[in-house]
Amino acid sequence: MKNKLKTTPNQAVQTFITYGNQKGDRQLKEERLQQLEEVLATQGIYPGGKVHRVLEKLIYDLTYNGVIKVSREHLSKKLEVGLNTISTAFKYMDQSKLLFSLETNQENE
């Protein structure tokens with residue numbers, strides 16, 4: 001069975017290494033979340049509560065850890081939401097085309 005994993009692209013990793021968290025973790029996370037919301041709003045997308053919570057978790061992990069590798073199943077269990085909710089959040093991150101967008105990797109389970 002194939003398991004879709006999401007990882008941070010190399011460009012985002014290099015940016016994190018170069019600039020780090022110079023603005024402070026919480027402030028940077030809030031700025032990234034607001035930026036994502038603004039980009040999605042221009043596309044007419046307004047994530048609901050569960051999807052917003054997943055997006056916030058992804059941005060939190062990217063901001064505080066710099067690099068993440070996570071599967072839909074792991075996030076689904078951790079946040080207690082359905083796989084479709086996770087897929088929607090991944091789709092919105094991809095649609096945003098922001099630096100911290102995620103790449104899809106295929107892995108066999």
# chains A, B, ... in the order shown; residues from 1 in each chain; ligands from 1
$ residues_around --residues "Gly49 (chain A)" --least-positions-apart "2" --cutoff "12 Å" --atoms "only C-alpha atoms" --output "list of chain:residue names"
A:Tyr46, A:Pro47, A:Val51, A:His52, A:Arg53, A:Val54, A:Leu55, A:Glu56, A:Leu79, A:Val81, A:Thr85, A:Ala89
$ write_last_selection --atoms "C-alpha atoms" --output "short mmCIF file (atom, residue, chain, number, x, y, z; two decimals), in the first residue's frame"
data_model
loop_
_atom_site.label_atom_id
_atom_site.label_comp_id
_atom_site.auth_asym_id
_atom_site.auth_seq_id
_atom_site.Cartn_x
_atom_site.Cartn_y
_atom_site.Cartn_z
CA TYR A 46 -11.54 30.08 3.47
CA PRO A 47 -10.48 26.94 5.41
CA VAL A 51 -8.60 22.28 8.01
CA HIS A 52 -7.38 25.49 9.63
CA ARG A 53 -6.16 23.48 12.63
CA VAL A 54 -4.19 21.15 10.32
CA LEU A 55 -2.69 24.12 8.45
CA GLU A 56 -1.73 25.70 11.76
CA LEU A 79 -5.18 15.87 15.36
CA VAL A 81 -9.47 14.53 12.02
CA THR A 85 -9.41 16.93 6.04
CA ALA A 89 -5.05 21.01 4.05
#
$ atom_distance --atom1 "CA of Lys57 (chain A)" --atom2 "CA of Gln34 (chain A)"
13.5 Å
$ select_by_dssp --residues "region 24-101 of chain A" --states "helix (DSSP H, G or I)" --output "ChimeraX atom specification"
/A:25-42,49-65,72-79,83-96
